[in-house]
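Source file: input_19.cif; contents: mmCIF, C-alpha atoms.
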```
data_structure
loop_
_atom_site.label_atom_id
_atom_site.label_comp_id
_atom_site.auth_asym_id
_atom_site.auth_seq_id
_atom_site.Cartn_x
_atom_site.Cartn_y
_atom_site.Cartn_z
CA LEU Z 2 12.87 67.74 -12.85
CA THR Z 3 14.87 64.64 -13.61
CA ARG Z 4 13.37 64.26 -17.06
CA SER Z 5 14.11 67.84 -18.05
CA LEU Z 6 17.79 67.45 -17.18
CA VAL Z 7 18.35 64.21 -19.09
CA PRO Z 8 18.10 65.56 -22.68
CA SER Z 9 20.59 68.30 -21.87
CA ALA Z 10 23.26 65.88 -20.51
CA PRO Z 11 26.02 64.83 -22.94
CA ALA Z 12 25.74 61.47 -24.72
CA ALA Z 13 28.46 59.79 -22.62
CA LEU Z 14 26.48 60.38 -19.50
CA ARG Z 15 23.38 58.87 -21.04
CA ALA Z 16 25.28 55.61 -21.36
CA LEU Z 17 25.47 55.29 -17.57
CA PRO Z 18 22.79 53.15 -15.86
CA PRO Z 19 19.65 55.20 -15.13
CA PRO Z 20 19.37 56.25 -11.49
CA VAL Z 21 16.57 54.78 -9.43
CA ALA Z 22 14.10 56.89 -7.58
CA VAL Z 23 14.82 57.78 -3.99
CA GLY Z 24 13.35 55.47 -1.39
CA VAL Z 25 12.73 52.44 -3.57
CA LEU Z 26 15.59 50.53 -1.99
CA HIS Z 27 14.06 50.06 1.41
CA THR Z 28 10.36 49.56 0.65
CA THR Z 29 10.73 45.86 1.32
CA ARG Z 30 10.65 46.47 5.04
CA PRO Z 31 7.97 49.03 5.83
CA LEU Z 32 7.99 49.46 9.56
CA HIS Z 33 5.86 52.01 11.33
CA THR Z 34 4.24 53.13 8.09
CA THR Z 35 0.81 52.53 9.61
CA GLN Z 36 -0.57 52.52 13.12
CA GLN Z 37 -0.80 48.72 13.15
CA SER Z 38 2.37 46.85 13.94
CA LEU Z 39 3.04 43.97 11.56
CA ALA Z 40 3.21 40.54 13.11
CA PRO Z 41 4.85 38.28 12.25
CA LEU Z 42 7.53 40.67 11.13
CA PRO Z 43 8.14 40.57 7.42
CA PRO Z 44 11.41 38.81 6.70
CA LEU Z 45 14.69 40.67 6.43
CA PRO Z 46 15.70 41.49 2.87
CA GLU Z 47 18.18 39.07 1.29
CA LYS Z 48 20.66 41.74 0.27
CA GLY Z 49 21.77 44.85 2.08
CA GLY Z 50 21.42 48.34 0.69
CA GLU Z 51 23.09 49.16 -2.62
CA VAL Z 52 26.65 50.48 -2.22
CA ARG Z 53 28.97 52.08 -4.71
CA HIS Z 54 32.67 51.35 -4.56
CA GLY Z 55 32.04 49.15 -1.55
CA LEU Z 56 31.76 52.12 0.79
CA ILE Z 57 29.34 54.82 -0.18
CA PRO Z 58 25.61 54.05 -0.13
CA GLU Z 59 23.66 54.63 -3.28
CA GLU Z 60 21.29 56.97 -1.47
CA PHE Z 61 24.05 59.55 -1.25
CA PHE Z 62 24.38 59.65 -5.01
CA GLN Z 63 20.60 59.83 -5.38
CA PHE Z 64 20.45 62.59 -2.86
CA LEU Z 65 22.91 64.72 -4.84
CA TYR Z 66 21.67 63.80 -8.30
CA PRO Z 67 18.92 66.44 -8.66
CA LYS Z 68 21.31 69.29 -7.90
CA THR Z 69 24.63 68.15 -9.33
CA GLY Z 70 23.78 65.34 -11.79
CA VAL Z 71 25.81 62.20 -12.16
CA THR Z 72 29.30 63.61 -11.55
CA GLY Z 73 28.29 65.57 -8.45
CA PRO Z 74 29.40 63.15 -5.69
CA TYR Z 75 32.67 62.42 -7.52
CA MET Z 76 33.48 66.12 -7.78
CA LEU Z 77 32.63 66.51 -4.11
CA GLY Z 78 34.91 63.61 -3.25
CA THR Z 79 37.79 64.87 -5.34
CA GLY Z 80 37.40 68.40 -3.98
CA LEU Z 81 37.35 67.18 -0.42
CA LEU Z 82 40.40 65.02 -0.95
CA LEU Z 83 42.41 67.85 -2.51
CA TYR Z 84 41.28 70.17 0.28
CA PHE Z 85 42.50 67.76 2.94
CA LEU Z 86 45.81 67.23 1.17
CA SER Z 87 46.54 70.86 0.37
CA LYS Z 88 45.58 72.20 3.76
CA GLU Z 89 47.49 69.32 5.36
CA ILE Z 90 44.44 68.37 7.39
CA TYR Z 91 45.48 64.87 6.35
CA VAL Z 92 49.33 64.59 6.51
CA ILE Z 93 51.05 62.18 4.16
CA ASN Z 94 53.51 60.08 6.17
CA HIS Z 95 54.82 56.50 6.26
CA GLU Z 96 51.46 55.26 7.46
CA THR Z 97 49.89 56.51 4.24
CA VAL Z 98 52.18 54.20 2.27
CA ALA Z 99 51.45 51.31 4.64
CA ALA Z 100 47.72 51.96 4.34
CA ALA Z 101 47.96 52.10 0.57
CA CYS Z 102 49.81 48.76 0.42
CA ILE Z 103 47.49 47.07 2.88
CA LEU Z 104 44.39 48.35 1.14
CA THR Z 105 45.74 47.22 -2.20
CA VAL Z 106 46.29 43.70 -0.90
CA ILE Z 107 42.91 43.60 0.82
CA ILE Z 108 41.03 44.84 -2.20
CA TYR Z 109 42.91 42.45 -4.47
CA GLY Z 110 42.13 39.53 -2.13
CA ILE Z 111 38.46 40.40 -1.90
CA LYS Z 112 38.09 40.89 -5.61
CA LYS Z 113 39.80 37.61 -6.40
CA PHE Z 114 38.43 35.30 -3.69
CA GLY Z 115 35.33 37.09 -2.49
CA ALA Z 116 32.86 35.29 -4.67
CA ASP Z 117 34.24 31.83 -3.86
CA VAL Z 118 34.21 32.39 -0.12
CA ALA Z 119 30.68 33.73 -0.31
CA ALA Z 120 29.57 30.71 -2.31
CA PHE Z 121 31.22 28.37 0.21
CA ALA Z 122 29.49 30.04 3.15
CA ASP Z 123 26.19 29.97 1.29
CA LYS Z 124 26.65 26.29 0.58
CA LEU Z 125 27.16 25.55 4.29
CA ASN Z 126 23.98 27.35 5.10
CA GLU Z 127 22.13 25.67 2.25
CA GLU Z 128 23.12 22.26 3.54
CA LYS Z 129 21.78 23.03 6.98
CA MET Z 130 18.56 24.31 5.49
CA ALA Z 131 18.22 21.34 3.23
CA ALA Z 132 18.72 18.95 6.14
CA ALA Z 133 16.10 20.75 8.18
CA VAL Z 134 13.64 20.85 5.28
CA ALA Z 135 14.25 17.16 4.54
CA MET Z 136 13.53 16.30 8.16
CA LYS Z 137 10.35 18.32 8.09
CA ASN Z 138 9.16 16.68 4.87
CA GLU Z 139 9.96 13.26 6.21
CA ALA Z 140 8.01 14.00 9.35
CA ILE Z 141 5.03 15.13 7.27
CA GLN Z 142 5.27 11.98 5.17
CA THR Z 143 5.46 9.75 8.22
CA LEU Z 144 2.43 11.39 9.76
CA GLN Z 145 0.43 11.00 6.60
CA THR Z 146 1.28 7.33 6.23
CA ALA Z 147 0.48 6.83 9.90
CA ILE Z 148 -2.95 8.40 9.39
CA GLU Z 149 -3.58 6.18 6.39
CA GLU Z 150 -2.49 3.09 8.29
CA GLU Z 151 -4.87 3.92 11.13
CA LYS Z 152 -7.74 4.37 8.70
CA LYS Z 153 -6.87 1.08 7.04
CA GLU Z 154 -6.84 -0.70 10.39
CA GLN Z 155 -10.26 0.72 11.16
CA TRP Z 156 -11.54 -0.58 7.84
CA ARG Z 157 -10.01 -3.98 8.59
CA VAL Z 158 -11.67 -4.15 11.95
CA GLU Z 159 -15.06 -3.64 10.32
CA GLY Z 160 -14.78 -7.07 8.76
CA ARG Z 161 -14.93 -8.91 12.05
CA SER Z 162 -18.52 -10.00 11.44
CA PHE Z 163 -17.21 -12.27 8.67
CA LEU Z 164 -15.18 -14.19 11.18
CA PHE Z 165 -18.08 -14.85 13.49
CA ASP Z 166 -20.42 -15.76 10.66
CA ALA Z 167 -17.89 -18.25 9.39
CA LYS Z 168 -17.55 -19.76 12.86
CA ARG Z 169 -21.29 -20.06 13.31
CA ASN Z 170 -21.57 -21.62 9.86
CA ASN Z 171 -18.95 -24.15 10.86
CA ILE Z 172 -20.88 -25.03 14.00
CA ALA Z 173 -24.19 -25.32 12.15
CA MET Z 174 -22.59 -27.54 9.52
CA LEU Z 175 -21.06 -29.76 12.16
CA LEU Z 176 -24.38 -30.19 13.95
CA GLU Z 177 -26.23 -30.90 10.73
CA THR Z 178 -23.62 -33.41 9.63
CA ASN Z 179 -23.81 -35.13 12.99
CA TYR Z 180 -27.58 -35.38 12.85
CA ARG Z 181 -27.60 -36.80 9.37
CA GLU Z 182 -24.96 -39.31 10.31
CA ARG Z 183 -27.10 -40.48 13.21
CA LEU Z 184 -30.17 -40.92 11.02
CA LEU Z 185 -28.12 -42.82 8.53
CA MET Z 186 -26.71 -45.05 11.24
CA VAL Z 187 -30.18 -45.94 12.54
CA TYR Z 188 -31.36 -46.82 9.07
CA ASN Z 189 -28.29 -48.90 8.36
CA GLU Z 190 -28.55 -50.87 11.59
CA VAL Z 191 -32.22 -51.72 11.16
CA LYS Z 192 -31.70 -52.68 7.56
CA LYS Z 193 -28.74 -54.85 8.49
CA ARG Z 194 -30.78 -56.79 11.02
CA LEU Z 195 -33.72 -57.34 8.68
CA ASP Z 196 -31.42 -58.36 5.87
CA TYR Z 197 -29.70 -60.75 8.23
CA GLN Z 198 -32.98 -62.43 9.02
CA VAL Z 199 -33.87 -62.77 5.34
CA ALA Z 200 -30.41 -64.04 4.49
CA MET Z 201 -30.53 -66.55 7.36
CA GLN Z 202 -33.84 -67.89 6.13
CA ASN Z 203 -32.59 -68.22 2.59
CA LEU Z 204 -29.48 -69.97 3.75
CA ARG Z 205 -31.41 -72.40 5.92
CA ARG Z 206 -33.76 -73.26 3.07
CA GLN Z 207 -30.87 -73.82 0.71
CA LYS Z 208 -29.11 -76.08 3.16
CA GLU Z 209 -32.27 -78.07 3.80
CA GLN Z 210 -32.75 -78.56 0.08
CA GLU Z 211 -29.22 -79.75 -0.42
CA HIS Z 212 -29.42 -82.11 2.51
CA MET Z 213 -32.72 -83.51 1.30
CA ILE Z 214 -31.33 -84.15 -2.15
CA GLN Z 215 -28.28 -85.85 -0.77
CA TRP Z 216 -30.34 -88.00 1.57
CA VAL Z 217 -32.67 -89.02 -1.21
CA GLU Z 218 -29.77 -89.94 -3.45
CA LYS Z 219 -28.08 -91.94 -0.72
CA ASN Z 220 -31.24 -93.84 0.00
CA VAL Z 221 -31.84 -94.57 -3.67
CA VAL Z 222 -28.33 -95.85 -4.12
CA GLN Z 223 -28.67 -98.00 -1.02
CA SER Z 224 -31.95 -99.39 -2.17
CA ILE Z 225 -30.47 -100.75 -5.37
CA THR Z 226 -30.07 -104.52 -4.49
CA PRO Z 227 -27.43 -106.69 -6.16
CA GLN Z 228 -30.21 -108.49 -8.11
CA GLN Z 229 -31.44 -105.24 -9.57
CA GLN Z 230 -27.88 -104.28 -10.37
CA LYS Z 231 -27.29 -107.45 -12.39
CA GLU Z 232 -30.56 -106.93 -14.23
CA SER Z 233 -29.80 -103.34 -15.04
CA ILE Z 234 -26.29 -104.22 -16.27
CA ALA Z 235 -27.71 -106.92 -18.58
CA LYS Z 236 -30.30 -104.50 -19.87
CA CYS Z 237 -27.54 -101.93 -20.48
CA ILE Z 238 -25.51 -104.47 -22.47
CA LEU Z 239 -28.56 -105.34 -24.61
CA ASP Z 240 -29.19 -101.64 -25.18
CA LEU Z 241 -25.59 -101.10 -26.14
CA LYS Z 242 -25.73 -104.01 -28.61
CA ALA Z 243 -28.86 -102.53 -30.14
CA LEU Z 244 -27.28 -99.17 -30.34
CA SER Z 245 -24.10 -100.51 -31.90
CA LYS Z 246 -26.21 -102.40 -34.45
CA SER Z 247 -28.04 -99.22 -35.34
CA ALA Z 248 -24.72 -97.36 -35.44
CA HIS Z 249 -23.22 -99.95 -37.79
CA ALA Z 250 -26.32 -99.61 -39.93
CA ALA Z 251 -26.05 -95.84 -39.93
CA VAL Z 252 -22.43 -95.96 -41.01
CA MET N 29 -37.40 -29.49 13.02
CA ALA N 30 -37.21 -25.73 13.24
CA GLY N 31 -34.23 -25.85 15.54
CA ARG N 32 -32.39 -28.25 13.35
CA ARG N 33 -31.73 -26.32 10.22
CA ALA N 34 -30.15 -23.00 11.24
CA ALA N 35 -29.74 -21.36 7.88
CA LEU N 36 -26.13 -21.07 6.78
CA LYS N 37 -25.26 -17.43 6.30
CA ALA N 38 -23.38 -16.81 3.09
CA VAL N 39 -19.87 -15.59 3.90
CA ASP N 40 -18.14 -13.44 1.33
CA TRP N 41 -14.73 -15.08 1.50
CA ALA N 42 -13.17 -12.64 -0.99
CA ALA N 43 -14.07 -9.60 1.07
CA PHE N 44 -13.06 -11.45 4.22
CA ALA N 45 -9.69 -12.33 2.77
CA GLU N 46 -9.07 -8.69 1.84
CA ARG N 47 -9.45 -7.56 5.39
CA VAL N 48 -7.19 -10.12 7.00
CA PRO N 49 -3.87 -8.53 8.06
CA PRO N 50 -0.78 -10.40 6.89
CA SER N 51 0.12 -11.50 10.41
CA GLN N 52 -3.10 -13.50 10.74
CA ARG N 53 -3.17 -15.05 7.35
CA ALA N 54 -2.25 -18.52 8.62
CA MET N 55 -5.24 -18.56 10.97
CA PHE N 56 -7.49 -17.39 8.20
CA ASN N 57 -6.29 -20.16 5.91
CA ALA N 58 -6.87 -22.74 8.64
CA LEU N 59 -10.41 -21.47 9.15
CA LYS N 60 -11.12 -21.55 5.46
CA THR N 61 -9.85 -25.11 4.98
CA ARG N 62 -11.92 -26.27 7.93
CA ASN N 63 -14.98 -24.60 6.51
CA ASP N 64 -14.35 -26.16 3.09
CA SER N 65 -13.87 -29.65 4.53
CA LEU N 66 -17.05 -29.36 6.57
CA THR N 67 -18.99 -28.17 3.53
CA ALA N 68 -17.70 -31.11 1.53
CA ARG N 69 -18.67 -33.57 4.28
CA LEU N 70 -22.11 -32.07 4.55
CA ALA N 71 -22.66 -32.21 0.81
CA ALA N 72 -21.65 -35.88 0.73
CA LEU N 73 -24.34 -36.94 3.21
CA PRO N 74 -27.96 -37.30 2.00
CA GLU N 75 -30.54 -35.20 3.78
CA LYS N 76 -32.80 -38.15 4.63
CA PRO N 77 -31.88 -41.81 4.66
CA PRO N 78 -33.82 -43.90 2.12
CA ALA N 79 -37.12 -45.44 3.32
CA ILE N 80 -37.14 -49.09 4.43
CA ASP N 81 -39.37 -51.34 2.31
CA TRP N 82 -41.53 -52.87 5.06
CA ALA N 83 -43.82 -54.77 2.70
CA PHE N 84 -40.91 -56.76 1.26
CA TYR N 85 -39.67 -57.70 4.70
CA LYS N 86 -43.12 -58.59 5.93
CA ALA N 87 -43.46 -60.98 3.01
CA HIS N 88 -40.07 -62.58 3.42
CA VAL N 89 -39.19 -62.74 7.09
CA ALA N 90 -40.71 -65.85 8.58
CA LYS N 91 -40.53 -64.89 12.23
CA ALA N 92 -43.92 -63.69 13.18
CA GLY N 93 -44.26 -60.18 14.43
CA MET N 94 -40.56 -59.37 14.14
CA VAL N 95 -41.00 -57.03 11.19
CA ASP N 96 -44.03 -55.41 12.77
CA GLU N 97 -42.14 -54.89 15.97
CA PHE N 98 -39.21 -53.36 14.11
CA GLN N 99 -41.50 -51.13 12.12
CA LYS N 100 -43.26 -49.91 15.20
CA LYS N 101 -40.06 -49.17 17.06
CA PHE N 102 -38.47 -47.60 14.02
CA SER N 103 -41.25 -45.10 13.44
CA ALA N 104 -41.40 -44.37 17.14
CA LEU N 105 -37.68 -43.70 17.31
CA LYS N 106 -36.67 -40.08 17.60
CA VAL N 107 -33.08 -39.37 16.83
CA PRO N 108 -31.97 -36.65 19.22
CA GLU N 109 -30.64 -33.54 17.57
CA PRO N 110 -27.12 -32.67 18.64
CA VAL N 111 -27.14 -29.98 21.26
CA ASP N 112 -25.63 -26.65 20.26
CA THR N 113 -23.24 -25.66 23.04
CA GLN N 114 -20.95 -23.33 21.15
CA THR N 115 -23.13 -20.75 19.48
CA ALA N 116 -23.69 -18.99 22.78
CA LYS N 117 -19.95 -18.76 23.24
CA ILE N 118 -19.53 -17.39 19.74
CA ASP N 119 -22.16 -14.76 20.42
CA ALA N 120 -20.43 -13.80 23.63
CA GLN N 121 -17.14 -13.57 21.74
CA GLU N 122 -18.78 -11.39 19.15
CA LYS N 123 -20.10 -9.00 21.78
CA GLU N 124 -16.70 -8.90 23.42
CA SER N 125 -15.04 -8.16 20.12
CA ALA N 126 -17.60 -5.47 19.35
CA ARG N 127 -16.72 -3.79 22.60
CA SER N 128 -12.96 -4.03 22.17
CA THR N 129 -13.34 -2.92 18.55
CA ALA N 130 -15.20 0.18 19.66
CA GLU N 131 -12.40 0.90 22.11
CA TYR N 132 -9.73 0.36 19.49
CA VAL N 133 -11.52 2.56 16.97
CA GLN N 134 -11.84 5.22 19.64
CA ALA N 135 -8.13 5.10 20.44
CA SER N 136 -7.34 5.02 16.74
CA LYS N 137 -9.41 8.13 16.11
CA ALA N 138 -7.65 9.90 18.98
CA ARG N 139 -4.31 8.97 17.44
CA ILE N 140 -5.48 10.22 14.05
CA ALA N 141 -6.54 13.52 15.61
CA GLN N 142 -3.12 13.84 17.20
CA TYR N 143 -1.38 13.13 13.93
CA GLU N 144 -3.60 15.61 12.12
CA GLN N 145 -2.77 18.25 14.67
CA GLN N 146 0.96 17.70 14.29
CA LEU N 147 0.59 17.65 10.53
CA GLN N 148 -1.18 21.00 10.58
CA LYS N 149 1.48 22.43 12.84
CA LEU N 150 4.23 21.28 10.48
CA LYS N 151 2.42 22.53 7.42
CA ASN N 152 1.74 25.96 8.91
CA MET N 153 5.30 26.43 10.05
CA ILE N 154 7.18 29.45 8.66
CA PRO N 155 9.99 28.48 6.31
CA PHE N 156 13.35 27.86 7.94
CA GLU N 157 14.97 30.75 6.08
CA GLN N 158 12.82 33.22 7.96
CA MET N 159 13.18 31.66 11.41
CA THR N 160 15.20 32.92 14.31
CA PHE N 161 16.49 30.59 17.00
CA GLU N 162 13.58 31.60 19.19
CA ASP N 163 11.13 30.64 16.48
CA LEU N 164 12.91 27.33 16.07
CA SER N 165 12.62 26.59 19.79
CA GLU N 166 8.90 27.34 19.60
CA ALA N 167 8.31 25.12 16.63
CA PHE N 168 10.49 22.24 17.87
CA PRO N 169 10.61 22.38 21.66
CA GLU N 170 13.23 19.63 21.76
CA THR N 171 15.82 22.02 20.30
CA LYS N 172 15.37 24.51 23.13
CA LEU N 173 18.56 25.16 25.04
CA HIS N 174 18.12 25.08 28.82
CA LYS N 175 20.12 28.14 29.77
CA GLU N 176 19.06 27.95 33.45
CA LYS N 177 19.93 24.33 33.92
CA TYR N 178 23.19 24.45 31.95
CA PRO N 179 24.42 28.02 32.21
CA TYR N 180 27.60 27.35 30.26
CA TRP N 181 27.88 26.61 26.54
CA PRO N 182 26.71 24.31 24.96
CA HIS N 183 23.69 24.54 27.28
CA LYS N 184 22.92 20.85 27.07
CA PRO N 185 24.62 17.70 28.29
CA ILE N 186 27.76 16.92 26.30
CA ALA N 187 26.39 13.51 25.40
CA ASP N 188 23.57 15.16 23.43
CA LEU N 189 25.87 16.99 21.00
#
```

Let me see the structure of the file written as C-alpha cells.
Amino acid sequence: LTRSLVPSAPAALRALPPPVAVGVLHTTRPLHTTQQSLAPLPPLPEKGGEVRHGLIPEEFFQFLYPKTGVTGPYMLGTGLLLYFLSKEIYVINHETVAAACILTVIIYGIKKFGADVAAFADKLNEEKMAAAVAMKNEAIQTLQTAIEEEKKEQWRVEGRSFLFDAKRNNIAMLLETNYRERLLMVYNEVKKRLDYQVAMQNLRRQKEQEHMIQWVEKNVVQSITPQQQKESIAKCILDLKALSKSAHAAV
Amino acid sequence: MAGRRAALKAVDWAAFAERVPPSQRAMFNALKTRNDSLTARLAALPEKPPAIDWAFYKAHVAKAGMVDEFQKKFSALKVPEPVDTQTAKIDAQEKESARSTAEYVQASKARIAQYEQQLQKLKNMIPFEQMTFEDLSEAFPETKLHKEKYPYWPHKPIADL
C-alpha cells in the first residue's frame, strides 16, 4: 500500500524523511511476547519514544499515514484548532496571551539551553559511573595480584629443602674439619717429640765435640814447656832467615 | 669410617637465592658466607696427615725402645670422630617446617579460592548502567541502606556519609 502511494505524491513530499514502519520503535523491549518471562529484564532503552514537535508521538503520524499521507495529522490539527476557535469551545481571553508569552519564553529557553543542561546532567552521571567502574576494576586488579602473590609464596615455600640441606652440609663440614684437625694434631705432636729427641742428640754430640777440641787444645798449650818454646822460636828464626834468603834470591 | 664421611649434598645456591623473600635476605647471606668459609677451611686441610718415617727415627734416636714404643702407641691410637649432635635437631626442624608449610599452603589455597570467588563475582556483575539500587545492594552488600534500623533519611549513621 505504502509503495503504491509514494510515486503518486508530489516531489516536495518525497523530500521529507521516509516514514518508518509501525511498531519498530518499541521492539527493543519485548515483554510478554512469549510465555517465558525474561530474567534478568532486558535494560531500558536509552532514549524514549520518538516525538514530533516535542508533544505528539511519532506513532500517531504513522497511524494516520496510510489513510491521509504525510499532511494528514497536520490537517487534522489545523481543522481541530479552527473548529475550537470558531465554535468558541476554546475562548480567547487574557490567559491566552499569557500562555502564549510563557510558552514562547519556555520554548526559547529550552531550545537555547536544553542541550547544555542535558550534557551537564549526563556528565554528572558519567562521573559517578566512571568512579564506580574504576573501583570495580581496581578491586579486580587487587584480587588478581593477591592471587599471584599467594602462588608466588607457595613456590617460595617449596624451596625450604635447600635451607636444610645447606645446614646439614655445614654440620658435616664442621665435623669433618674437626676430625682432620685432630688427626693433624696427633701427627704434629708425635713428630715434634721425635724431632726433639733427634735434635737433642745432635746438640749433645756437637757440644761434646767442641768441648773435646777445646780441652785438647788447652792441654797441648799447657804441655808446651818453656824449653820447647825457646827451641821452637829459634827454629822459627832460622826458618825465617832461610825463607828471606830464598826470597832475596827469587827477587 | 662409614660414619665419618657423610656425603655433602650439592646445594643449588642460585635456585635457593631466587626463592628467598627480600625480608630474609640478610639471614640468607649470613648462611652463605658461613658455608663458604667452612668450605674454604675444609679445602685447606689435607685429608690424611703425612706418614711418619719410623725407619729414620729408629736409626737416629739413641734411646732404646723409645721409637718402638711411640710407633706402637701411634698405630694403636684411635682418634675419636666428633659426635654429631645437631643433625637430629635439623631433621626435627625439617619435619616441623614440612608440617607448618603444609598448613600454610592449605591456608593459602583457601585464600586463593576466596579471591577467585570474589573475582568471578565481580567479573559476572551486570554493568552499572543497567543496575537499579536493589541490584547494587545485592552486588555490594555494604551499600545497603538499613531502612529498619534508621527509618529516616539518610538511612545510615551521619558519620558514614

### Message
Take the PyMOL selection byres ((chain Z) within 6 of (chain N)), run it mentally on this structure, and tell me the resulting residues as a ChimeraX atom specification.
### Response
/Z:44,144,148,157,170-171,176,178,180,185,199

How big is the axis-aligned box, and where does its centre sit, when it encloses all atoms of stretch 196-200 of chain Z listed in the file and has 4 Å added on every side, reported in Å to one decimal as AutoDock Vina command-line options?
```
--center_x -31.8 --center_y -61.2 --center_z 6.8 --size_x 12.2 --size_y 13.7 --size_z 12.5
```

### Task
Mind giving me the straight-line distance from atom CA of Z:Leu42 to atom CA of Z:Ala119 in Å, one decimal?
26.7 Å

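Atom CA of Z:Leu239 is positioned 22.6 Å from atom CA of Z:Val222.
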
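Interatomic distance, atom CA of Z:Glu89 against atom CA of Z:Ile103: 22.4 Å.
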